[in-house]
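Peer 1: Pasting in a structure now, in structure tokens, and then I'll have a few things to ask.
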Amino acid sequence: MSCKKSIAVSACLLGHKVRYDGQHQANLIVVQDLSVLFNIIPVCPEMEIGLGVPREKIELHQQGDDIRLLSTTQPVVDLTARMLAYAQRFVERHLFAGLVLKDKSPSCGVGNCKIWDKHGHMQHHADGIFAATIMRLKPGLPMLQSNELGVESALQSFVQRVNAYAS
Ligand code: SF4
């Protein structure tokens, strides 16, 4: 039996054509290096909640104290509950010791996703709904974003933390 740890990875970083525009964001460090070190669990939360390819963009909106995940279609569809439920199911169904996520995505980003108001003005930045839910359910889980993959020290630290993490 393999003693490699498993990590969950945004599927677009593995070259899967799951982005809203039908493209991928393949990253060689993920595809070539992390795939050797770890078992990879690909995940595209937007596909998993039933949004197809291609699809309209989705956005995070501030509504009172809440951040909601909304479609950009008319009528607007609130996708927040679906995304929260999927993230919860994902944690229940998979054992993983780390997470590599595409930055700036309203689903996968961490701390760098644009939050809009109802007038279309950007208010601030926060976490994507899938990423935020996973981090809440698995506090301390090693996490790396795609914009950190090229930083050698961040990558090494992630690998060490995954290997030390009791999943
Ligand atoms: S960033 Fe996340 S939700 Fe968007 S295409 Fe990649 S895996 Fe799917």
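Following the order of the structure tokens, first chain is A, next is B, and so on, with residues numbered from 1 inside each chain and ligands from 1 in the order they appear.
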From a DSSP pass on the backbone, collect the residues of range 71-154 of chain A flagged as strand (DSSP E or B) and hand them back as an NGL selection string.

Peer 2: :A and (71 or 78 or 99-101 or 113-116 or 122-126 or 143-145)

Peer 1: Could you write those residues out with N, CA and C atoms, as a CSV table (one decimal), in the first residue's frame?

Peer 2:
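Ended up saving to selection_13.csv:
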```
chain,number,residue,atom,x,y,z
A,71,SER,N,-24.6,34.0,-9.0
A,71,SER,CA,-24.4,33.9,-10.5
A,71,SER,C,-24.4,35.3,-11.0
A,78,ASP,N,-28.5,32.3,-6.1
A,78,ASP,CA,-27.6,32.3,-4.9
A,78,ASP,C,-27.1,30.9,-4.8
A,99,LEU,N,-3.8,21.0,0.8
A,99,LEU,CA,-4.7,21.6,-0.2
A,99,LEU,C,-3.9,22.6,-1.1
A,100,VAL,N,-4.0,22.4,-2.4
A,100,VAL,CA,-3.4,23.4,-3.3
A,100,VAL,C,-4.5,24.0,-4.1
A,101,LEU,N,-4.7,25.3,-4.0
A,101,LEU,CA,-5.8,26.0,-4.6
A,101,LEU,C,-5.5,27.1,-5.6
A,113,CYS,N,-9.9,37.1,-3.1
A,113,CYS,CA,-11.1,37.1,-4.0
A,113,CYS,C,-11.8,38.4,-3.9
A,114,LYS,N,-12.2,39.0,-5.0
A,114,LYS,CA,-12.9,40.3,-5.0
A,114,LYS,C,-14.4,40.1,-4.4
A,115,ILE,N,-14.7,41.0,-3.5
A,115,ILE,CA,-16.1,41.0,-3.0
A,115,ILE,C,-16.8,42.3,-3.5
A,116,TRP,N,-17.9,42.1,-4.1
A,116,TRP,CA,-18.6,43.2,-4.7
A,116,TRP,C,-19.8,43.6,-3.9
A,122,MET,N,-16.3,47.2,-6.2
A,122,MET,CA,-15.5,46.2,-5.4
A,122,MET,C,-15.3,46.8,-4.0
A,123,GLN,N,-15.6,45.9,-3.0
A,123,GLN,CA,-15.5,46.4,-1.6
A,123,GLN,C,-14.3,46.0,-0.9
A,124,HIS,N,-13.9,44.8,-1.0
A,124,HIS,CA,-12.7,44.3,-0.3
A,124,HIS,C,-12.3,42.9,-0.8
A,125,HIS,N,-11.4,42.3,-0.2
A,125,HIS,CA,-11.0,40.9,-0.6
A,125,HIS,C,-11.2,39.9,0.5
A,126,ALA,N,-11.6,38.7,0.2
A,126,ALA,CA,-11.8,37.7,1.2
A,126,ALA,C,-11.6,36.3,0.6
A,143,MET,N,-2.0,24.5,3.4
A,143,MET,CA,-2.6,25.1,2.2
A,143,MET,C,-1.6,25.9,1.5
A,144,LEU,N,-1.7,25.8,0.2
A,144,LEU,CA,-0.8,26.6,-0.7
A,144,LEU,C,-1.6,27.1,-1.9
A,145,GLN,N,-1.5,28.3,-2.2
A,145,GLN,CA,-2.2,28.8,-3.4
A,145,GLN,C,-1.3,28.9,-4.6
```

Peer 1: At a cut-off of 9 Å around ligand 1, and using only C-alpha atoms and all ligand atoms, what residues come up? Please write them as a ChimeraX atom specification.

Peer 2: /A:9-13,16-25,42-48,101-109,130

Peer 1: Store the residues of this selection in a file with N, CA, C and O atoms, as a short mmCIF file (atom, residue, chain, number, x, y, z; two decimals), in the first residue's frame.

Peer 2:
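Result went into result.cif, see below:
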```
data_model
loop_
_atom_site.label_atom_id
_atom_site.label_comp_id
_atom_site.auth_asym_id
_atom_site.auth_seq_id
_atom_site.Cartn_x
_atom_site.Cartn_y
_atom_site.Cartn_z
N VAL A 9 -6.39 19.15 -4.86
CA VAL A 9 -5.83 20.18 -5.75
C VAL A 9 -6.94 20.71 -6.66
O VAL A 9 -7.71 19.92 -7.24
N SER A 10 -6.99 22.02 -6.83
CA SER A 10 -7.91 22.60 -7.82
C SER A 10 -7.64 21.95 -9.17
O SER A 10 -6.52 21.99 -9.69
N ALA A 11 -8.69 21.38 -9.76
CA ALA A 11 -8.51 20.56 -10.96
C ALA A 11 -7.92 21.36 -12.13
O ALA A 11 -7.18 20.81 -12.95
N CYS A 12 -8.22 22.65 -12.20
CA CYS A 12 -7.68 23.45 -13.32
C CYS A 12 -6.16 23.52 -13.27
O CYS A 12 -5.51 23.65 -14.31
N LEU A 13 -5.56 23.44 -12.07
CA LEU A 13 -4.10 23.48 -11.95
C LEU A 13 -3.45 22.19 -12.44
O LEU A 13 -2.25 22.14 -12.69
N HIS A 16 -6.97 20.15 -16.11
CA HIS A 16 -8.35 19.81 -16.47
C HIS A 16 -9.03 21.08 -17.01
O HIS A 16 -8.92 22.16 -16.39
N LYS A 17 -9.75 20.93 -18.10
CA LYS A 17 -10.39 22.10 -18.73
C LYS A 17 -11.74 22.37 -18.08
O LYS A 17 -12.79 22.10 -18.65
N VAL A 18 -11.67 22.89 -16.86
CA VAL A 18 -12.88 23.07 -16.06
C VAL A 18 -13.15 24.53 -15.73
O VAL A 18 -14.12 24.85 -15.03
N ARG A 19 -12.32 25.45 -16.22
CA ARG A 19 -12.58 26.86 -15.94
C ARG A 19 -13.84 27.33 -16.66
O ARG A 19 -14.29 26.71 -17.62
N TYR A 20 -14.37 28.47 -16.23
CA TYR A 20 -15.63 28.96 -16.80
C TYR A 20 -15.53 29.11 -18.32
O TYR A 20 -16.52 28.95 -19.03
N ASP A 21 -14.33 29.41 -18.82
CA ASP A 21 -14.16 29.63 -20.26
C ASP A 21 -13.69 28.38 -21.00
O ASP A 21 -13.29 28.45 -22.16
N GLY A 22 -13.72 27.24 -20.31
CA GLY A 22 -13.33 25.98 -20.94
C GLY A 22 -11.83 25.76 -21.01
O GLY A 22 -11.37 24.78 -21.61
N GLN A 23 -11.07 26.64 -20.35
CA GLN A 23 -9.61 26.50 -20.36
C GLN A 23 -9.12 25.89 -19.05
O GLN A 23 -9.91 25.64 -18.13
N HIS A 24 -7.82 25.65 -18.99
CA HIS A 24 -7.22 25.16 -17.74
C HIS A 24 -6.16 26.14 -17.28
O HIS A 24 -5.89 27.13 -17.97
N GLN A 25 -5.56 25.86 -16.15
CA GLN A 25 -4.47 26.70 -15.62
C GLN A 25 -3.36 25.76 -15.19
O GLN A 25 -2.85 25.86 -14.07
N PRO A 42 -8.13 15.49 -7.41
CA PRO A 42 -8.55 16.69 -8.14
C PRO A 42 -9.94 17.12 -7.71
O PRO A 42 -10.80 16.28 -7.46
N VAL A 43 -10.15 18.42 -7.63
CA VAL A 43 -11.50 18.90 -7.30
C VAL A 43 -11.76 20.23 -8.00
O VAL A 43 -10.94 21.14 -7.97
N CYS A 44 -12.89 20.28 -8.68
CA CYS A 44 -13.39 21.57 -9.20
C CYS A 44 -14.76 21.78 -8.57
O CYS A 44 -15.76 21.22 -9.03
N PRO A 45 -14.81 22.55 -7.50
CA PRO A 45 -16.09 22.71 -6.79
C PRO A 45 -17.20 23.29 -7.65
O PRO A 45 -18.37 22.95 -7.46
N GLU A 46 -16.84 24.15 -8.61
CA GLU A 46 -17.91 24.74 -9.45
C GLU A 46 -18.52 23.68 -10.36
O GLU A 46 -19.74 23.69 -10.59
N MET A 47 -17.71 22.77 -10.88
CA MET A 47 -18.27 21.66 -11.66
C MET A 47 -19.11 20.76 -10.75
O MET A 47 -20.18 20.29 -11.14
N GLU A 48 -18.64 20.54 -9.55
CA GLU A 48 -19.31 19.60 -8.65
C GLU A 48 -20.67 20.10 -8.18
O GLU A 48 -21.51 19.30 -7.78
N LEU A 101 -4.67 25.33 -4.04
CA LEU A 101 -5.85 25.98 -4.61
C LEU A 101 -5.48 27.10 -5.56
O LEU A 101 -4.50 27.82 -5.35
N LYS A 102 -6.30 27.25 -6.58
CA LYS A 102 -6.14 28.36 -7.53
C LYS A 102 -6.50 29.67 -6.82
O LYS A 102 -7.58 29.79 -6.25
N ASP A 103 -5.60 30.63 -6.90
CA ASP A 103 -5.86 31.91 -6.25
C ASP A 103 -6.93 32.72 -6.99
O ASP A 103 -7.21 32.48 -8.16
N LYS A 104 -7.51 33.65 -6.29
CA LYS A 104 -8.46 34.66 -6.81
C LYS A 104 -9.81 34.10 -7.28
O LYS A 104 -10.68 34.86 -7.68
N SER A 105 -9.99 32.80 -7.26
CA SER A 105 -11.28 32.22 -7.67
C SER A 105 -12.32 32.44 -6.57
O SER A 105 -12.00 32.25 -5.39
N PRO A 106 -13.56 32.80 -6.91
CA PRO A 106 -14.58 32.97 -5.87
C PRO A 106 -14.92 31.68 -5.14
O PRO A 106 -15.59 31.69 -4.10
N SER A 107 -14.44 30.56 -5.66
CA SER A 107 -14.63 29.28 -4.97
C SER A 107 -13.35 28.85 -4.27
O SER A 107 -13.36 28.45 -3.11
N CYS A 108 -12.22 28.91 -4.97
CA CYS A 108 -10.97 28.33 -4.47
C CYS A 108 -9.99 29.33 -3.84
O CYS A 108 -9.06 28.92 -3.15
N GLY A 109 -10.14 30.60 -4.10
CA GLY A 109 -9.15 31.58 -3.63
C GLY A 109 -9.14 31.73 -2.12
O GLY A 109 -10.12 31.44 -1.44
N PHE A 130 -15.64 27.72 -1.13
CA PHE A 130 -15.15 26.35 -0.95
C PHE A 130 -13.93 26.36 -0.04
O PHE A 130 -13.85 25.61 0.94
#
```

Peer 1: As an NGL selection string, please: every residue in range 16-164 of chain A that DSSP puts in alpha helix (DSSP H).

Peer 2: :A and (28 or 35-37 or 45-48 or 80-93 or 129-137 or 152-164)

Peer 1: Choose the residue, out of A:Leu155, A:Ala87, A:Ile29, A:Ala81, that has the smallest atom-to-atom separation from Arg136 in chain A; count only C-alpha atoms.

Peer 2: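 Checking each candidate against Arg136 in chain A, we get A:Ala87 as the closest.
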
Peer 1: Determine the nearest neighbour of Leu37 in chain A from the options A:Gly52, A:Cys3, A:Leu69, A:Tyr86, counting only C-alpha atoms.

Peer 2: A:Cys3

Peer 1: Need to verify the contact set: Thr133 in chain A, 10 Å, only C-alpha atoms, exclusion of same-chain residues closer than 2 positions in sequence. Can you return it as a list in words?

Peer 2: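 Final neighbour list, sorted by chain and number: Met83, Leu84, Ala85, Tyr86, Ala87, Gln88, Val91, Ser107, Asp127, Gly128, Ile129, Phe130, Ala131, Met135, Arg136, Leu137, Lys138 and Pro139 of chain A.
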
Peer 1: Keeping N, CA and C atoms for every residue in the selection just given, could you write it to a file as a JSON list (two decimals), in the first residue's frame?

Peer 2:
```
[["chain", "number", "residue", "atom", "x", "y", "z"],
["A", 83, "MET", "N", -22.63, 25.43, -2.47],
["A", 83, "MET", "CA", -21.18, 25.33, -2.33],
["A", 83, "MET", "C", -20.77, 24.90, -0.92],
["A", 84, "LEU", "N", -21.46, 25.43, 0.08],
["A", 84, "LEU", "CA", -21.17, 25.04, 1.47],
["A", 84, "LEU", "C", -21.42, 23.55, 1.66],
["A", 85, "ALA", "N", -22.54, 23.07, 1.13],
["A", 85, "ALA", "CA", -22.89, 21.65, 1.30],
["A", 85, "ALA", "C", -21.88, 20.77, 0.57],
["A", 86, "TYR", "N", -21.44, 21.20, -0.62],
["A", 86, "TYR", "CA", -20.46, 20.39, -1.35],
["A", 86, "TYR", "C", -19.14, 20.33, -0.59],
["A", 87, "ALA", "N", -18.68, 21.46, -0.06],
["A", 87, "ALA", "CA", -17.41, 21.48, 0.67],
["A", 87, "ALA", "C", -17.48, 20.54, 1.88],
["A", 88, "GLN", "N", -18.63, 20.54, 2.55],
["A", 88, "GLN", "CA", -18.80, 19.66, 3.71],
["A", 88, "GLN", "C", -18.73, 18.20, 3.27],
["A", 91, "VAL", "N", -15.14, 17.07, 2.52],
["A", 91, "VAL", "CA", -14.34, 16.77, 3.72],
["A", 91, "VAL", "C", -14.75, 15.42, 4.32],
["A", 107, "SER", "N", -14.44, 30.56, -5.66],
["A", 107, "SER", "CA", -14.63, 29.28, -4.97],
["A", 107, "SER", "C", -13.35, 28.85, -4.27],
["A", 127, "ASP", "N", -12.02, 35.26, 1.30],
["A", 127, "ASP", "CA", -11.82, 33.87, 0.83],
["A", 127, "ASP", "C", -12.96, 33.42, -0.07],
["A", 128, "GLY", "N", -12.66, 32.53, -1.01],
["A", 128, "GLY", "CA", -13.70, 31.84, -1.76],
["A", 128, "GLY", "C", -14.47, 30.90, -0.83],
["A", 129, "ILE", "N", -15.69, 30.59, -1.22],
["A", 129, "ILE", "CA", -16.58, 29.84, -0.32],
["A", 129, "ILE", "C", -16.09, 28.41, -0.09],
["A", 130, "PHE", "N", -15.64, 27.72, -1.13],
["A", 130, "PHE", "CA", -15.15, 26.35, -0.95],
["A", 130, "PHE", "C", -13.93, 26.36, -0.04],
["A", 131, "ALA", "N", -12.98, 27.23, -0.34],
["A", 131, "ALA", "CA", -11.73, 27.28, 0.45],
["A", 131, "ALA", "C", -12.04, 27.63, 1.91],
["A", 135, "MET", "N", -11.26, 25.21, 5.20],
["A", 135, "MET", "CA", -10.35, 25.67, 6.27],
["A", 135, "MET", "C", -11.06, 25.74, 7.61],
["A", 136, "ARG", "N", -12.35, 26.02, 7.58],
["A", 136, "ARG", "CA", -13.11, 26.05, 8.84],
["A", 136, "ARG", "C", -13.30, 24.63, 9.39],
["A", 137, "LEU", "N", -13.53, 23.68, 8.49],
["A", 137, "LEU", "CA", -13.77, 22.30, 8.93],
["A", 137, "LEU", "C", -12.49, 21.56, 9.26],
["A", 138, "LYS", "N", -11.38, 21.97, 8.66],
["A", 138, "LYS", "CA", -10.08, 21.31, 8.93],
["A", 138, "LYS", "C", -9.05, 22.38, 9.31],
["A", 139, "PRO", "N", -9.21, 22.96, 10.51],
["A", 139, "PRO", "CA", -8.28, 24.02, 10.90],
["A", 139, "PRO", "C", -6.85, 23.47, 10.98]]
```

Peer 1: If we count only C-alpha atoms, what is near range 158-163 of chain A at a cut-off of 10 Å, once residues fewer than 6 positions away on the same chain are taken out, given as a ChimeraX atom specification?

Peer 2: /A:4-7,34,37-38,96-100,140-144,149,152

Peer 1: For the atom pair CA of Gln62 in chain A and CA of Thr80 in chain A, what is the interatomic distance in Å to one decimal place?

Peer 2: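 Interatomic distance here is 12.0 Å.
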